[in-house]
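A.B. asks: My structure file run_3.txt, compact mmCIF, C-alpha atoms and all ligand atoms, is below:
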# COMPACT_ATOMS: atom_id res chain seq x y z
CA MET A 1 -72.14 42.49 107.31
CA HIS A 2 -71.45 39.54 104.96
CA VAL A 3 -74.20 38.27 102.65
CA MET A 4 -73.38 35.47 100.22
CA GLY A 5 -69.72 36.38 100.17
CA PHE A 6 -70.37 40.08 99.57
CA SER A 7 -69.39 42.59 102.14
CA ILE A 8 -72.14 45.12 102.69
CA ARG A 9 -71.45 48.34 104.55
CA ILE A 10 -74.50 49.77 106.18
CA LYS A 11 -74.23 53.48 106.78
CA ILE A 12 -76.19 54.57 109.79
CA ASN A 13 -76.75 58.32 109.92
CA GLN A 14 -76.86 58.43 113.64
CA ALA A 15 -74.36 59.44 116.24
CA THR A 16 -74.43 59.08 119.96
CA ARG A 17 -73.80 61.91 122.35
CA ASP A 18 -73.95 61.52 126.14
CA GLY A 19 -75.78 58.22 125.69
CA PHE A 20 -78.46 59.82 123.46
CA THR A 21 -78.80 58.91 119.82
CA MET A 22 -78.66 62.00 117.64
CA LYS A 23 -79.75 61.95 114.04
CA ASP A 24 -78.20 63.88 111.19
CA ILE A 25 -79.93 66.61 109.16
CA GLU A 26 -81.58 64.54 106.43
CA THR A 27 -84.94 65.98 105.39
CA PRO A 28 -86.48 69.40 104.68
CA GLN A 29 -88.37 68.97 108.00
CA ASP A 30 -85.02 68.66 109.79
CA VAL A 31 -83.85 71.91 108.19
CA HIS A 32 -87.12 73.62 109.18
CA GLN A 33 -86.71 72.42 112.76
CA LEU A 34 -83.09 73.60 112.92
CA ILE A 35 -83.79 77.02 111.41
CA SER A 36 -86.98 77.65 113.42
CA GLU A 37 -85.21 76.82 116.68
CA PHE A 38 -82.16 78.83 115.69
CA TYR A 39 -84.19 81.98 115.09
CA GLN A 40 -86.10 81.40 118.32
CA HIS A 41 -82.74 81.43 120.15
CA ILE A 42 -81.72 84.53 118.17
CA ARG A 43 -84.92 86.33 119.20
CA ASP A 44 -84.32 85.35 122.83
CA ASP A 45 -80.76 86.70 122.73
CA ALA A 46 -80.31 89.97 124.64
CA VAL A 47 -78.14 91.56 121.93
CA LEU A 48 -79.30 90.00 118.65
CA GLY A 49 -83.00 89.75 119.52
CA PRO A 50 -83.60 93.52 119.47
CA ILE A 51 -81.48 93.89 116.32
CA PHE A 52 -83.77 91.52 114.41
CA ASP A 53 -87.04 92.53 116.02
CA GLU A 54 -86.65 96.23 116.68
CA VAL A 55 -83.97 97.56 114.31
CA ALA A 56 -84.64 95.37 111.25
CA GLU A 57 -88.29 94.74 112.22
CA VAL A 58 -88.10 91.35 110.55
CA ASP A 59 -91.37 90.02 109.20
CA TRP A 60 -90.84 86.44 110.43
CA PRO A 61 -93.58 84.69 108.41
CA ASN A 62 -91.83 86.03 105.29
CA HIS A 63 -88.23 85.70 106.46
CA LEU A 64 -88.33 82.11 107.74
CA PRO A 65 -89.34 80.50 104.41
CA VAL A 66 -86.45 82.39 102.72
CA MET A 67 -84.08 80.96 105.31
CA PHE A 68 -85.52 77.42 104.89
CA THR A 69 -84.85 77.69 101.15
CA PHE A 70 -81.35 79.07 101.74
CA TRP A 71 -80.34 76.25 104.11
CA GLU A 72 -82.10 73.50 102.16
CA SER A 73 -80.18 74.60 99.05
CA LEU A 74 -76.89 74.44 100.92
CA LEU A 75 -77.43 71.24 102.88
CA LEU A 76 -79.83 69.03 100.91
CA ARG A 77 -80.15 70.61 97.45
CA THR A 78 -83.91 70.16 97.67
CA GLU A 79 -84.38 73.89 96.96
CA HIS A 80 -82.67 76.54 94.91
CA TYR A 81 -81.97 79.82 96.72
CA ARG A 82 -81.72 82.75 94.31
CA GLY A 83 -81.63 85.71 96.67
CA ASN A 84 -78.95 88.23 97.53
CA ALA A 85 -77.67 87.33 100.97
CA LEU A 86 -75.41 90.38 101.33
CA GLN A 87 -77.78 93.29 100.68
CA PRO A 88 -80.13 92.98 103.71
CA HIS A 89 -77.06 93.01 105.97
CA LEU A 90 -75.66 96.13 104.31
CA ASN A 91 -79.09 97.76 104.75
CA LEU A 92 -79.27 96.71 108.40
CA PHE A 93 -75.83 98.06 109.23
CA GLN A 94 -76.68 101.41 107.76
CA LYS A 95 -79.18 101.71 110.59
CA ILE A 96 -76.83 100.65 113.39
CA PRO A 97 -73.04 100.38 113.42
CA PHE A 98 -71.75 96.88 112.77
CA GLU A 99 -69.80 95.12 115.50
CA PRO A 100 -67.86 91.91 114.77
CA ALA A 101 -69.20 90.59 118.10
CA PHE A 102 -72.68 90.43 116.50
CA MET A 103 -71.38 87.99 113.93
CA SER A 104 -69.53 85.79 116.45
CA GLN A 105 -72.63 85.68 118.64
CA TRP A 106 -74.79 84.73 115.63
CA LEU A 107 -72.32 81.95 114.79
CA SER A 108 -72.09 80.65 118.31
CA ILE A 109 -75.91 80.43 118.57
CA PHE A 110 -76.06 78.69 115.20
CA LYS A 111 -73.46 76.09 116.16
CA SER A 112 -75.00 75.38 119.56
CA THR A 113 -78.45 74.96 117.96
CA VAL A 114 -77.04 72.44 115.47
CA ASP A 115 -75.30 70.55 118.29
CA GLU A 116 -78.43 70.61 120.44
CA LEU A 117 -80.49 68.87 117.74
CA PHE A 118 -78.30 66.96 115.28
CA ALA A 119 -75.01 65.14 114.84
CA GLY A 120 -73.34 63.78 111.73
CA GLU A 121 -71.80 64.72 108.44
CA VAL A 122 -74.47 67.21 107.31
CA ALA A 123 -74.62 68.80 110.78
CA GLU A 124 -70.85 69.36 110.57
CA ARG A 125 -71.26 70.78 107.07
CA ALA A 126 -73.96 73.19 108.31
CA LYS A 127 -71.59 74.60 110.94
CA HIS A 128 -68.77 74.79 108.43
CA PHE A 129 -70.94 76.70 105.89
CA ALA A 130 -72.19 79.07 108.59
CA GLU A 131 -68.62 79.79 109.66
CA GLY A 132 -67.49 80.52 106.10
CA ILE A 133 -70.47 82.74 105.27
CA ALA A 134 -70.28 84.61 108.60
CA HIS A 135 -66.60 85.29 107.98
CA ASN A 136 -67.35 86.45 104.47
CA LEU A 137 -70.25 88.69 105.53
CA ASP A 138 -68.08 90.16 108.27
CA ARG A 139 -65.42 91.07 105.71
CA GLN A 140 -67.90 92.48 103.20
CA ILE A 141 -69.76 94.49 105.84
CA THR A 142 -66.66 95.96 107.50
CA ARG A 143 -65.28 96.83 104.07
CA ARG A 144 -68.40 98.72 102.97
CA VAL A 145 -70.36 99.83 105.98
CA PRO A 146 -67.90 102.24 107.63
CA LEU A 147 -68.35 104.41 104.55
CA MET A 148 -72.12 104.26 104.89
CA THR A 149 -72.27 104.84 108.64
CA GLU A 150 -69.77 107.68 108.30
CA GLY A 151 -72.16 109.10 105.72
CA VAL A 152 -75.09 108.73 108.12
CA GLU A 153 -73.10 110.30 110.98
CA LEU A 154 -72.04 113.13 108.71
CA GLU A 155 -75.60 113.65 107.59
CA LYS A 156 -76.73 113.83 111.23
CA ARG A 157 -74.04 116.38 112.07
CA THR A 158 -74.18 118.54 108.97
CA GLY A 159 -77.61 117.88 107.56
CA ARG A 160 -76.16 116.66 104.27
CA VAL A 161 -74.71 113.45 102.96
CA GLU A 162 -71.10 113.59 101.95
CA ARG A 163 -69.32 110.68 100.48
CA GLN A 164 -65.58 111.15 100.47
CA ARG A 165 -63.01 108.58 99.31
C1 LIG B 201 -74.64 89.67 112.77
C2 LIG B 201 -75.23 88.59 112.27
C3 LIG B 201 -76.47 88.67 111.40
C4 LIG B 201 -77.53 89.52 111.49
C5 LIG B 201 -77.80 90.59 112.56
C6 LIG B 201 -78.41 89.21 110.39
C7 LIG B 201 -79.60 89.86 110.14
C8 LIG B 201 -80.38 89.68 109.00
C9 LIG B 201 -81.53 90.45 108.65
C10 LIG B 201 -82.12 91.59 109.51
C11 LIG B 201 -82.00 90.01 107.48
C12 LIG B 201 -83.21 90.55 106.69
C13 LIG B 201 -84.45 89.83 107.13
C14 LIG B 201 -85.70 90.33 106.42
O1 LIG B 201 -85.99 89.84 105.33
O2 LIG B 201 -86.37 91.21 106.95
C15 LIG B 201 -81.15 88.92 107.06
C16 LIG B 201 -81.32 88.19 105.93
C17 LIG B 201 -80.56 87.10 105.61
N1 LIG B 201 -79.49 86.60 106.31
FE1 LIG B 201 -78.67 87.39 107.99
N2 LIG B 201 -77.88 88.18 109.67
C18 LIG B 201 -76.69 87.83 110.24
C19 LIG B 201 -75.83 86.84 109.81
C20 LIG B 201 -76.11 85.96 108.80
C21 LIG B 201 -75.28 84.84 108.43
C22 LIG B 201 -73.96 84.45 109.09
C23 LIG B 201 -75.91 84.21 107.38
C24 LIG B 201 -75.53 82.98 106.62
C25 LIG B 201 -74.86 81.97 107.14
C26 LIG B 201 -77.11 84.99 107.07
C27 LIG B 201 -77.97 84.71 106.05
C28 LIG B 201 -79.02 85.50 105.65
C29 LIG B 201 -79.83 85.27 104.47
C30 LIG B 201 -79.67 84.14 103.46
C31 LIG B 201 -80.79 86.27 104.43
C32 LIG B 201 -81.92 86.44 103.40
C33 LIG B 201 -81.49 87.27 102.23
C34 LIG B 201 -82.65 87.37 101.23
O3 LIG B 201 -83.57 88.13 101.49
O4 LIG B 201 -82.61 86.62 100.24
N3 LIG B 201 -77.20 86.03 107.96
N4 LIG B 201 -80.16 88.75 108.01
Using structure tokens, write down the structure that the file contains.

C.D. replies:
Amino acid sequence: MHVMGFSIRIKINQATRDGFTMKDIETPQDVHQLISEFYQHIRDDAVLGPIFDEVAEVDWPNHLPVMFTFWESLLLRTEHYRGNALQPHLNLFQKIPFEPAFMSQWLSIFKSTVDELFAGEVAERAKHFAEGIAHNLDRQITRRVPLMTEGVELEKRTGRVERQR
């Protein structure tokens, strides 16, 4: 657009998909919508649902606000997450053996939830962050948890915990 000789670029944070206008993730409310819907899909998933609800017995009214803070910090910087994102996963996979397929399913649900609701630069960044963190968690868990689950298996078989290596 030209105004009095100046060229003004107007950035519109909207993208079109299949004829529908999709907005980008721009406000804390957008993050809340994304994360609430994501965990609804997770709870509906035949494999991940029972892991969250029955194995971890997640207390959702407490967990969701932590996840809002985590994603707002990453995407909008309107919050400051100070937790330890690794430890709950190490705890969880002491209870059941970790399978890399859990992580790829988590990621695929996350990406499809983003695509269902938003499009744009921040939406792309959200998927990119999720991919990086999922990959990282996968590496950290597979590096540490075999030792722990072996310990648990050993304890079940022998009645005592042995930590070799
Ligand atoms: C196999 C996939 C995953 C499973 C089954 C899983 C499960 C869980 C569970 C059970 C908790 C504890 C919830 C509670 O407070 O009771 C948790 C916490 C959390 N998860 Fe995951 N998660 C997965 C992947 C991811 C990924 C890929 C990310 C990041 C992109 C992530 C980020 C977090 C964060 C930030 C917390 C909160 C840590 C805190 O308490 O500060 N998770 N997860």

A.B. asks: What does the distance from atom CA of Ser104 of chain A to atom CA of Asp30 of chain A come to in Å, to one decimal?

C.D. replies: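 If I compute the distance from atom CA of Ser104 of chain A to atom CA of Asp30 of chain A, I get 24.0 Å.
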
A.B. asks: Pick from A:Ile109, A:Val145, A:Ile35, A:Val55: nearest to Gln94 of chain A, with all atoms listed in the file counted?

C.D. replies: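 That would be A:Val145, the residue with the smallest distance to Gln94 of chain A.
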
A.B. asks: Quote the spacing between atom C6 of ligand LIG 201 (chain B) and atom CA of Ala126 of chain A in Å to one decimal place.

C.D. replies: 16.8 Å

A.B. asks: In terms of the shortest atom-to-atom distance over all atoms listed in the file, which of A:Leu90, A:Met103, A:Met22, A:Ala123 is closest to ligand LIG 201 (chain B)?

C.D. replies: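 For ligand LIG 201 (chain B), the nearest of the candidates is A:Met103.
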
A.B. asks: Using all atoms listed in the file, determine which residues lie at most 12 Å from segment 86-88 of chain A, disregarding the query and same-chain residues fewer than 3 positions distant; provide the list as a list of chain:residue names.

C.D. replies: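 In the requested format, the answer is A:Phe52, A:Ala56, A:Glu57, A:Val58, A:His63, A:Gly83, A:Asn91, A:Leu92, A:Phe93, A:Gln94, A:Lys95, A:Ile133, A:Ala134, A:Asn136, A:Leu137, A:Asp138, A:Arg139, A:Gln140, A:Ile141, A:Arg144, A:Val145.
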
A.B. asks: Of the candidates A:Ile96, A:Gly120, A:Glu72, A:Ile51, which one gets nearest to ligand LIG 201 (chain B) if we count all atoms listed in the file?

C.D. replies: A:Ile51

A.B. asks: Restricting the calculation to all atoms listed in the file: of A:Glu79, A:Asp59, A:Asp44, A:Glu124, which residue gets closest to ligand LIG 201 (chain B)?

C.D. replies: A:Asp59

A.B. asks: So what do you get for atom C27 of ligand LIG 201 (chain B) versus atom CA of Arg43 of chain A, distance-wise?

C.D. replies: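 Distance between the two atoms: 15.0 Å.
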
A.B. asks: Smallest atom-to-atom distance to Thr78 of chain A: which of A:Lys23, A:Phe129, A:Gln29, A:Phe98, using all atoms listed in the file?

C.D. replies: A:Gln29

A.B. asks: Which of these, A:Thr113, A:Ser73, A:Thr16, A:Asn84, has the shortest distance to ligand LIG 201 (chain B) once you count all atoms listed in the file?

C.D. replies: A:Asn84

A.B. asks: Would you pick out the contacts of Arg82 of chain A at 12 Å or less, using all atoms listed in the file, so that residues sharing its chain but fewer than 3 positions from it are not included, and give the list as a list in words?

C.D. replies: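 After dropping sequence-adjacent residues, the list is Val66, Met67, Thr69, Phe70, Trp71, Ser73, Leu74, Glu79 and Ala85 of chain A.
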
A.B. asks: Write out the residues from the selection above, keeping C-alpha atoms, as a PDB file, in the coordinates of the input.

C.D. replies:
ATOM      1  CA  VAL A  66     -86.450  82.390 102.720  1.00  0.00           C
ATOM      2  CA  MET A  67     -84.080  80.960 105.310  1.00  0.00           C
ATOM      3  CA  THR A  69     -84.850  77.690 101.150  1.00  0.00           C
ATOM      4  CA  PHE A  70     -81.350  79.070 101.740  1.00  0.00           C
ATOM      5  CA  TRP A  71     -80.340  76.250 104.110  1.00  0.00           C
ATOM      6  CA  SER A  73     -80.180  74.600  99.050  1.00  0.00           C
ATOM      7  CA  LEU A  74     -76.890  74.440 100.920  1.00  0.00           C
ATOM      8  CA  GLU A  79     -84.380  73.890  96.960  1.00  0.00           C
ATOM      9  CA  ALA A  85     -77.670  87.330 100.970  1.00  0.00           C
TER      10      ALA A  85
END

A.B. asks: Report, as JSON, the centre and edge lengths in Å (one decimal) of the axis-aligned box enclosing every listed atom of segment 93-102 of chain A, padded by 3 Å on each side.

C.D. replies:
{"center_x": -73.5, "center_y": 96.1, "center_z": 112.9, "size_x": 17.3, "size_y": 17.3, "size_z": 16.3}

A.B. asks: Enumerate, as an MDAnalysis selection string, the protein, DNA and RNA residues whose atoms approach (-77.6, 71.5, 116.2) to within 9 Å, taking into account all atoms listed in the file and the coordinate frame of the file.

C.D. replies: chainID A and resid 25 34 38 110:119 123 126:127
